[in-house]
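Q: Next up, coords.txt (compact mmCIF, C-alpha atoms and all ligand atoms).
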# COMPACT_ATOMS: atom_id res chain seq x y z
CA LEU A 1 3.60 60.03 78.98
CA ALA A 2 3.00 56.28 79.38
CA ASN A 3 5.97 54.64 81.01
CA LEU A 4 5.78 51.00 79.91
CA ILE A 5 6.69 50.40 76.29
CA GLY A 6 6.01 47.00 74.72
CA ILE A 7 7.86 46.13 71.52
CA ILE A 8 6.42 43.51 69.19
CA GLY A 9 9.20 41.85 67.20
CA GLY A 10 11.63 43.39 69.66
CA THR A 11 14.44 40.90 68.99
CA GLY A 12 15.44 42.49 65.65
CA PRO A 13 17.81 45.43 65.15
CA GLU A 14 15.11 48.13 65.01
CA GLY A 15 13.25 46.88 68.08
CA LYS A 16 16.45 46.53 70.08
CA GLY A 17 17.68 49.95 68.98
CA LEU A 18 14.49 51.70 70.06
CA ALA A 19 14.39 49.65 73.26
CA ALA A 20 17.94 50.69 74.14
CA ARG A 21 17.15 54.38 73.71
CA PHE A 22 13.85 54.24 75.62
CA ALA A 23 15.39 52.19 78.45
CA ARG A 24 18.16 54.79 78.71
CA ALA A 25 15.50 57.51 78.83
CA GLY A 26 14.02 55.82 81.92
CA HIS A 27 11.13 53.90 80.37
CA ASP A 28 10.24 50.35 81.37
CA VAL A 29 10.63 48.32 78.20
CA PHE A 30 9.29 44.85 77.45
CA LEU A 31 10.71 43.14 74.35
CA GLY A 32 8.36 40.71 72.63
CA SER A 33 9.11 37.79 70.34
CA ARG A 34 7.25 34.89 68.75
CA ASP A 35 9.43 32.81 71.08
CA ALA A 36 9.30 33.93 74.74
CA GLU A 37 12.81 32.61 75.42
CA ARG A 38 14.24 34.59 72.53
CA GLY A 39 12.50 37.71 73.88
CA ALA A 40 13.94 37.13 77.36
CA ALA A 41 17.44 36.57 75.93
CA ALA A 42 17.30 39.79 73.88
CA ALA A 43 16.13 41.65 77.00
CA ALA A 44 19.05 40.31 79.05
CA GLU A 45 21.42 41.49 76.32
CA LEU A 46 19.88 44.97 76.38
CA SER A 47 19.89 45.17 80.17
CA ALA A 48 23.64 44.55 80.03
CA LEU A 49 24.13 47.08 77.24
CA THR A 50 22.07 49.90 78.74
CA GLY A 51 22.57 49.31 82.44
CA ASN A 52 18.79 49.55 82.82
CA LYS A 53 16.50 46.60 83.48
CA VAL A 54 14.77 45.53 80.25
CA ARG A 55 12.24 42.69 80.36
CA GLY A 56 11.33 40.31 77.57
CA GLY A 57 9.08 37.42 76.61
CA ALA A 58 6.23 36.72 74.22
CA ASN A 59 4.76 39.26 71.80
CA ALA A 60 1.37 38.84 73.52
CA ASP A 61 2.92 40.00 76.82
CA ALA A 62 4.52 43.01 75.13
CA ALA A 63 1.11 43.92 73.70
CA ARG A 64 -0.71 43.29 77.00
CA LEU A 65 1.76 45.03 79.31
CA GLY A 66 2.78 47.92 77.07
CA GLN A 67 1.00 51.22 77.62
CA VAL A 68 2.41 52.17 74.26
CA VAL A 69 3.02 49.28 71.84
CA ILE A 70 5.64 49.54 69.11
CA LEU A 71 5.56 47.27 66.10
CA THR A 72 8.98 46.32 64.68
CA VAL A 73 8.26 43.22 62.61
CA PRO A 74 8.94 42.90 58.86
CA TYR A 75 6.01 43.88 56.64
CA GLU A 76 5.58 40.25 55.55
CA GLY A 77 4.60 39.22 59.08
CA MET A 78 2.74 42.37 60.11
CA ARG A 79 -0.85 41.53 59.22
CA THR A 80 -1.07 38.20 61.04
CA THR A 81 0.98 39.49 63.99
CA VAL A 82 -1.33 42.48 64.56
CA ARG A 83 -4.48 40.45 63.93
CA ASP A 84 -3.51 37.88 66.57
CA LEU A 85 -2.81 40.61 69.14
CA THR A 86 -5.81 42.94 68.66
CA ASP A 87 -7.40 41.88 71.97
CA ASP A 88 -4.18 42.70 73.83
CA ILE A 89 -3.54 45.97 72.00
CA ARG A 90 -7.16 47.17 72.43
CA ASP A 91 -7.32 50.98 72.07
CA LYS A 92 -3.69 51.62 72.96
CA ILE A 93 -1.24 53.60 70.89
CA LEU A 94 0.23 51.21 68.31
CA VAL A 95 3.34 52.68 66.69
CA SER A 96 4.16 51.29 63.24
CA THR A 97 7.81 51.52 62.20
CA VAL A 98 7.14 49.10 59.36
CA VAL A 99 8.28 49.78 55.80
CA PRO A 100 7.00 47.49 53.03
CA LEU A 101 10.13 47.02 50.95
CA GLU A 102 10.90 44.94 47.92
CA PHE A 103 14.51 44.04 47.16
CA SER A 104 15.56 43.65 43.56
CA ARG A 105 18.80 43.74 41.61
CA SER A 106 18.10 47.31 40.49
CA GLY A 107 17.62 48.57 44.04
CA ILE A 108 15.07 48.77 46.81
CA ARG A 109 11.48 49.73 46.06
CA MET A 110 8.25 50.13 47.95
CA ARG A 111 6.02 47.10 47.76
CA HIS A 112 2.51 47.74 46.53
CA VAL A 113 0.23 47.77 49.56
CA GLU A 114 -3.49 47.49 48.88
CA ASP A 115 -4.44 49.70 51.86
CA GLY A 116 -1.97 52.46 50.92
CA SER A 117 0.74 51.92 53.53
CA ALA A 118 1.82 49.44 56.18
CA ALA A 119 0.52 51.80 58.87
CA MET A 120 -2.92 52.13 57.21
CA GLU A 121 -3.07 48.36 56.92
CA ALA A 122 -2.27 47.97 60.63
CA GLN A 123 -5.05 50.45 61.46
CA LEU A 124 -7.55 48.47 59.38
CA VAL A 125 -6.51 45.18 61.00
CA ALA A 126 -6.74 46.70 64.51
CA PRO A 127 -9.52 49.31 64.17
CA GLN A 128 -9.70 50.05 67.90
CA ALA A 129 -5.98 50.76 68.22
CA ARG A 130 -4.71 54.31 67.87
CA VAL A 131 -2.15 53.67 65.14
CA VAL A 132 0.71 56.13 64.82
CA ALA A 133 3.31 55.83 62.04
CA ALA A 134 6.77 56.89 63.23
CA PHE A 135 10.49 55.99 63.45
CA GLN A 136 10.51 54.33 59.97
CA ASN A 137 13.64 56.18 58.96
CA LEU A 138 15.73 55.99 62.12
CA SER A 139 18.55 53.60 61.38
CA ALA A 140 18.87 50.71 63.80
CA SER A 141 22.66 50.99 63.85
CA HIS A 142 22.47 54.63 64.95
CA LEU A 143 19.90 53.75 67.61
CA ILE A 144 21.99 51.02 69.22
CA ASP A 145 25.12 53.22 69.29
CA LEU A 146 24.40 54.72 72.69
CA ASP A 147 27.61 56.76 72.75
CA HIS A 148 26.32 59.04 70.00
CA ALA A 149 23.21 61.16 69.45
CA VAL A 150 21.09 60.05 66.50
CA ASP A 151 20.79 63.30 64.46
CA GLY A 152 17.50 62.89 62.65
CA ASP A 153 13.87 63.96 62.47
CA VAL A 154 10.98 61.57 63.01
CA ILE A 155 7.78 62.37 61.17
CA VAL A 156 4.72 61.30 63.14
CA CYS A 157 1.46 60.56 61.30
CA SER A 158 -1.82 59.57 62.93
CA ASP A 159 -5.53 60.26 62.94
CA HIS A 160 -5.42 60.47 66.75
CA PHE A 161 -4.35 63.84 68.05
CA GLU A 162 -3.37 62.86 71.59
CA ALA A 163 -1.48 59.80 70.32
CA THR A 164 0.48 62.01 67.89
CA ARG A 165 1.44 64.30 70.74
CA GLU A 166 2.62 61.37 72.91
CA VAL A 167 4.73 59.84 70.17
CA ILE A 168 6.32 63.21 69.31
CA GLU A 169 7.27 63.44 72.99
CA LEU A 170 8.61 59.88 72.92
CA ALA A 171 10.75 60.60 69.83
CA GLY A 172 12.22 63.59 71.63
CA LYS A 173 13.57 61.28 74.34
CA ILE A 174 16.14 59.92 71.88
CA PRO A 175 19.13 62.26 72.00
CA GLY A 176 19.42 64.22 68.74
CA VAL A 177 15.94 63.31 67.51
CA ARG A 178 13.08 65.71 66.87
CA GLY A 179 9.51 64.47 66.42
CA ILE A 180 7.46 66.41 63.87
CA ASN A 181 3.69 66.26 63.39
CA GLY A 182 3.28 64.83 59.88
CA GLY A 183 -0.51 65.02 59.70
CA PRO A 184 -3.01 62.20 59.20
CA LEU A 185 -2.20 58.51 58.91
CA ALA A 186 -2.86 58.78 55.16
CA ASN A 187 0.52 60.59 55.00
CA ALA A 188 2.37 57.54 56.36
CA VAL A 189 2.86 56.27 52.80
CA LEU A 190 5.02 59.32 52.10
CA VAL A 191 7.31 58.59 55.05
CA GLU A 192 7.48 54.88 54.26
CA SER A 193 8.45 55.72 50.65
CA MET A 194 11.10 58.15 51.81
CA THR A 195 12.66 55.32 53.79
CA ALA A 196 13.06 53.34 50.57
CA LEU A 197 14.87 56.37 49.14
CA LEU A 198 17.18 56.59 52.17
CA ILE A 199 18.10 52.91 51.89
CA ASN A 200 18.94 53.40 48.21
CA LEU A 201 21.10 56.40 49.16
CA ASN A 202 22.83 54.31 51.84
CA ARG A 203 23.81 51.74 49.23
CA LEU A 204 24.88 54.31 46.68
CA HIS A 205 26.98 56.39 49.08
CA LYS A 206 27.97 53.67 51.54
CA ALA A 207 26.41 55.72 54.33
CA GLU A 208 23.71 55.60 57.02
CA THR A 209 21.45 58.50 56.09
CA GLN A 210 18.78 60.14 58.23
CA ILE A 211 16.51 63.08 57.41
CA ARG A 212 16.26 66.64 58.72
CA ILE A 213 13.38 68.88 57.69
CA ALA A 214 14.55 72.46 57.11
CA GLY A 215 12.32 75.45 57.73
CA LEU A 216 10.61 74.14 60.87
N1 LIG A 301 16.63 47.83 60.54
C1 LIG A 301 16.43 49.14 60.43
O1 LIG A 301 17.41 49.94 60.39
C2 LIG A 301 15.04 49.72 60.39
C3 LIG A 301 14.89 51.11 60.48
C4 LIG A 301 13.60 51.64 60.51
C5 LIG A 301 12.49 50.81 60.41
N2 LIG A 301 12.67 49.47 60.30
C6 LIG A 301 11.46 48.63 60.20
O2 LIG A 301 11.36 47.94 61.43
C7 LIG A 301 10.87 46.62 61.21
C8 LIG A 301 11.85 45.64 61.82
O3 LIG A 301 13.11 45.77 61.20
P1 LIG A 301 14.32 44.82 61.60
O4 LIG A 301 15.46 45.16 60.74
O5 LIG A 301 14.48 44.85 63.09
O6 LIG A 301 13.68 43.43 61.09
P2 LIG A 301 13.92 41.90 61.42
O7 LIG A 301 15.15 41.73 62.22
O8 LIG A 301 13.82 41.19 60.12
O9 LIG A 301 12.60 41.53 62.24
C9 LIG A 301 12.40 41.94 63.57
C10 LIG A 301 11.82 40.78 64.37
O10 LIG A 301 10.54 40.44 63.86
C11 LIG A 301 10.27 39.06 64.09
N3 LIG A 301 9.79 38.47 62.83
C12 LIG A 301 10.52 38.12 61.74
N4 LIG A 301 9.71 37.63 60.77
C13 LIG A 301 8.46 37.63 61.28
C14 LIG A 301 7.19 37.21 60.79
N5 LIG A 301 7.05 36.71 59.55
N6 LIG A 301 6.11 37.36 61.59
C15 LIG A 301 6.24 37.89 62.84
N7 LIG A 301 7.42 38.29 63.36
C16 LIG A 301 8.50 38.17 62.59
C17 LIG A 301 11.59 38.44 64.53
O11 LIG A 301 11.50 38.22 65.93
P3 LIG A 301 11.19 36.79 66.59
O12 LIG A 301 11.74 35.74 65.62
O13 LIG A 301 11.97 36.85 67.85
O14 LIG A 301 9.73 36.73 66.74
C18 LIG A 301 12.63 39.50 64.27
O15 LIG A 301 13.68 39.49 65.19
C19 LIG A 301 10.70 46.45 59.70
O16 LIG A 301 9.35 46.57 59.35
C20 LIG A 301 11.53 47.58 59.11
O17 LIG A 301 10.99 48.05 57.89
C21 LIG A 301 13.91 48.91 60.30
In structure tokens, write the structure found in this file.
Ligand SMILES: NC(=O)c1ccc[n+]([C@@H]2O[C@H](COP(=O)([O-])OP(=O)(O)OC[C@H]3O[C@@H](n4cnc5c(N)ncnc54)[C@H](OP(=O)(O)O)[C@@H]3O)[C@@H](O)[C@H]2O)c1
A:
Amino acid sequence: LANLIGIIGGTGPEGKGLAARFARAGHDVFLGSRDAERGAAAAAELSALTGNKVRGGANADAARLGQVVILTVPYEGMRTTVRDLTDDIRDKILVSTVVPLEFSRSGIRMRHVEDGSAAMEAQLVAPQARVVAAFQNLSASHLIDLDHAVDGDVIVCSDHFEATREVIELAGKIPGVRGINGGPLANAVLVESMTALLINLNRLHKAETQIRIAGL
């Protein structure tokens, strides 16, 4: 399993949460940002939190240095972010955690995405990359709470078999998490939609829900 993980948009809650868990699991983690100083500051914060050295800087460095690259930017900024980094990402595993959400007074909905899902769109923007959709429904607040296991399944969708296997293994490094093969990248829309459901449930029940698949 590749040891160096680069996180694009790593200064937000989801990027930091994943970074904390992977640093604790012994991975080298590089947090990227549009602003290299912000990336370095977030990395210093995580080094202190985890007790493991986390590095940080520009998104381009996260994409260039990462053996596996994880994308944790909002959907709105995803297309241009990935497009600008395609030369750095090359044919690496690019993990999309992105959920295209639309906030309205009646609740949270999926945004209409022309290409089917955020993950499919990322694959079309970076055709050489081995895009894997995963981690969309792991709550950032559970991830950063290093004193507790996370208690959730991660459904992993990709058209690249070896990449799926690696990301399932990576998911399993987070205590309490099980990675499950979710089939081709075309299935990513189902997982992204389920995340919208979970966020609605969180609001309704004042909770932080995760999912567990029974029967597997
Ligand atoms: N929060 C959760 O619990 C959670 C759970 C599962 C999945 N996700 C998914 O993970 C992604 C990140 O979530 P988050 O809550 O961490 O989001 P966030 O805080 O809004 O964004 C993460 C980082 O992305 C960068 N960013 C913001 N707008 C951008 C733009 N227009 N273009 C490029 N970069 C931009 C920012 O970093 P810099 O300003 O430093 O560049 C920001 O710190 C989302 O797609 C979300 O759907 C979130």
Q: With all atoms listed in the file as the counted atoms, please give the residues lying no more than 10 Å from segment 53-63 of chain A, apart from itself and same-chain residues fewer than 6 positions off, as a compact mmCIF listing (two decimals) with C-alpha atoms, keeping the file's coordinate frame.
A:
# COMPACT_ATOMS: atom_id res chain seq x y z
CA LEU A 4 5.78 51.00 79.91
CA ILE A 5 6.69 50.40 76.29
CA GLY A 6 6.01 47.00 74.72
CA ILE A 7 7.86 46.13 71.52
CA ILE A 8 6.42 43.51 69.19
CA GLY A 9 9.20 41.85 67.20
CA GLY A 10 11.63 43.39 69.66
CA THR A 11 14.44 40.90 68.99
CA ALA A 19 14.39 49.65 73.26
CA ALA A 20 17.94 50.69 74.14
CA PHE A 22 13.85 54.24 75.62
CA ALA A 23 15.39 52.19 78.45
CA ARG A 24 18.16 54.79 78.71
CA GLY A 26 14.02 55.82 81.92
CA HIS A 27 11.13 53.90 80.37
CA ASP A 28 10.24 50.35 81.37
CA VAL A 29 10.63 48.32 78.20
CA PHE A 30 9.29 44.85 77.45
CA LEU A 31 10.71 43.14 74.35
CA GLY A 32 8.36 40.71 72.63
CA SER A 33 9.11 37.79 70.34
CA ARG A 34 7.25 34.89 68.75
CA ASP A 35 9.43 32.81 71.08
CA ALA A 36 9.30 33.93 74.74
CA GLU A 37 12.81 32.61 75.42
CA ARG A 38 14.24 34.59 72.53
CA GLY A 39 12.50 37.71 73.88
CA ALA A 40 13.94 37.13 77.36
CA ALA A 41 17.44 36.57 75.93
CA ALA A 42 17.30 39.79 73.88
CA ALA A 43 16.13 41.65 77.00
CA ALA A 44 19.05 40.31 79.05
CA GLU A 45 21.42 41.49 76.32
CA LEU A 46 19.88 44.97 76.38
CA SER A 47 19.89 45.17 80.17
CA VAL A 69 3.02 49.28 71.84
CA ILE A 70 5.64 49.54 69.11
CA LEU A 71 5.56 47.27 66.10
CA THR A 81 0.98 39.49 63.99
CA VAL A 82 -1.33 42.48 64.56
CA ASP A 84 -3.51 37.88 66.57
CA LEU A 85 -2.81 40.61 69.14
CA THR A 86 -5.81 42.94 68.66
CA ASP A 87 -7.40 41.88 71.97
CA ASP A 88 -4.18 42.70 73.83
CA ILE A 89 -3.54 45.97 72.00
CA ARG A 90 -7.16 47.17 72.43
CA LYS A 92 -3.69 51.62 72.96
CA LEU A 94 0.23 51.21 68.31
Q: Report the centre and edge lengths, in Å to one decimal, of an axis-aligned box enclosing every atom of ligand LIG 301 (chain A) listed in the file, padded by 6 Å on each side, as lines of an AutoDock Vina configuration file.
A:
center_x = 11.8
center_y = 43.7
center_z = 62.9
size_x = 23.3
size_y = 27.9
size_z = 22.0
Q: So the first atom is atom CA of Pro184 of chain A and the second is atom C21 of ligand LIG 301 (chain A); what is the distance between them in Å, to one decimal place?
A: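 Computing the Euclidean distance for atom CA of Pro184 of chain A and atom C21 of ligand LIG 301 (chain A) yields 21.5 Å.
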Q: When you look at Val150 of chain A with a cut-off of 8 Å (counting all atoms listed in the file), what residues show up, excluding the ones that are within fewer than 2 positions of it in the same chain? I need them as a ChimeraX atom specification.
A: /A:142-143,148,152,174-177
Q: Counting all atoms listed in the file, which residue out of A:Gly77, A:Gly17, A:Gly183, A:Gly172 sits closest to ligand LIG 301 (chain A)?
A: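 The shortest atom-to-atom distance to ligand LIG 301 (chain A) comes from A:Gly77.
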Q: Please produce, as CSV, a per-residue contact table for segment 45-88 of chain A versus segment 99-120 of chain A (criterion: any atom at most 8 Å away, only C-alpha atoms considered), showing the nearest atom pair and its distance in Å to one decimal, sorted by chain then residue number.
A:
residue,atom,partner,partner_atom,distance
A:Pro74,CA,A:Val99,CA,7.6
A:Tyr75,CA,A:Pro100,CA,5.2
A:Glu76,CA,A:Pro100,CA,7.8
Q: Do you have the atom CA of Asn181 of chain A-atom CA of Phe135 of chain A distance handy?
A: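 Computing the Euclidean distance for atom CA of Asn181 of chain A and atom CA of Phe135 of chain A yields 12.3 Å.
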Q: Which one of A:Ala188, A:Ala163, A:Ala133, A:Val73 sits closest to ligand LIG 301 (chain A) if you count all atoms listed in the file?
A: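 So, comparing all the options, the nearest one is A:Val73.
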Q: Mind pulling up the distance from atom C8 of ligand LIG 301 (chain A) to atom CA of Ser193 of chain A?
A: 15.4 Å
Q: Using all atoms listed in the file, pick whichever of A:Leu201, A:Val189, A:Leu146, A:Ala196 has the shortest atom-to-atom distance to ligand LIG 301 (chain A).
A: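 Once distances to ligand LIG 301 (chain A) are computed over all atoms listed in the file, the minimum belongs to A:Ala196.
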Q: Counting only C-alpha atoms, I want the residues whose atoms come within 12 Å of (10.3, 63.5, 62.2) in the file frame, returned as an MDAnalysis selection string.
A: chainID A and resid 133:138 151:157 164 167:172 174 176:183 188 191 194:195 210:214 216
Q: Taking only C-alpha atoms and all ligand atoms into account, name the residue in A:Val132, A:Ala140, A:Ala25, A:Leu190 that is nearest to ligand LIG 301 (chain A).
A: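 When distances to ligand LIG 301 (chain A) are compared using only C-alpha atoms and all ligand atoms, the smallest one comes from A:Ala140.
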Q: Go through A:Asp147, A:Glu162, A:Glu121, A:Glu192 one by one, measure the shortest atom-to-atom distance of each to ligand LIG 301 (chain A) using all atoms listed in the file, and give the residue with the smallest value.
A: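 That would be A:Glu192, the residue with the smallest distance to ligand LIG 301 (chain A).
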Q: Using all atoms listed in the file, can you tell me which of A:Ala186, A:Val68, A:Val98, A:Ile93 comes closest to ligand LIG 301 (chain A)?
A: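 Selected residue with least distance to ligand LIG 301 (chain A): A:Val98.
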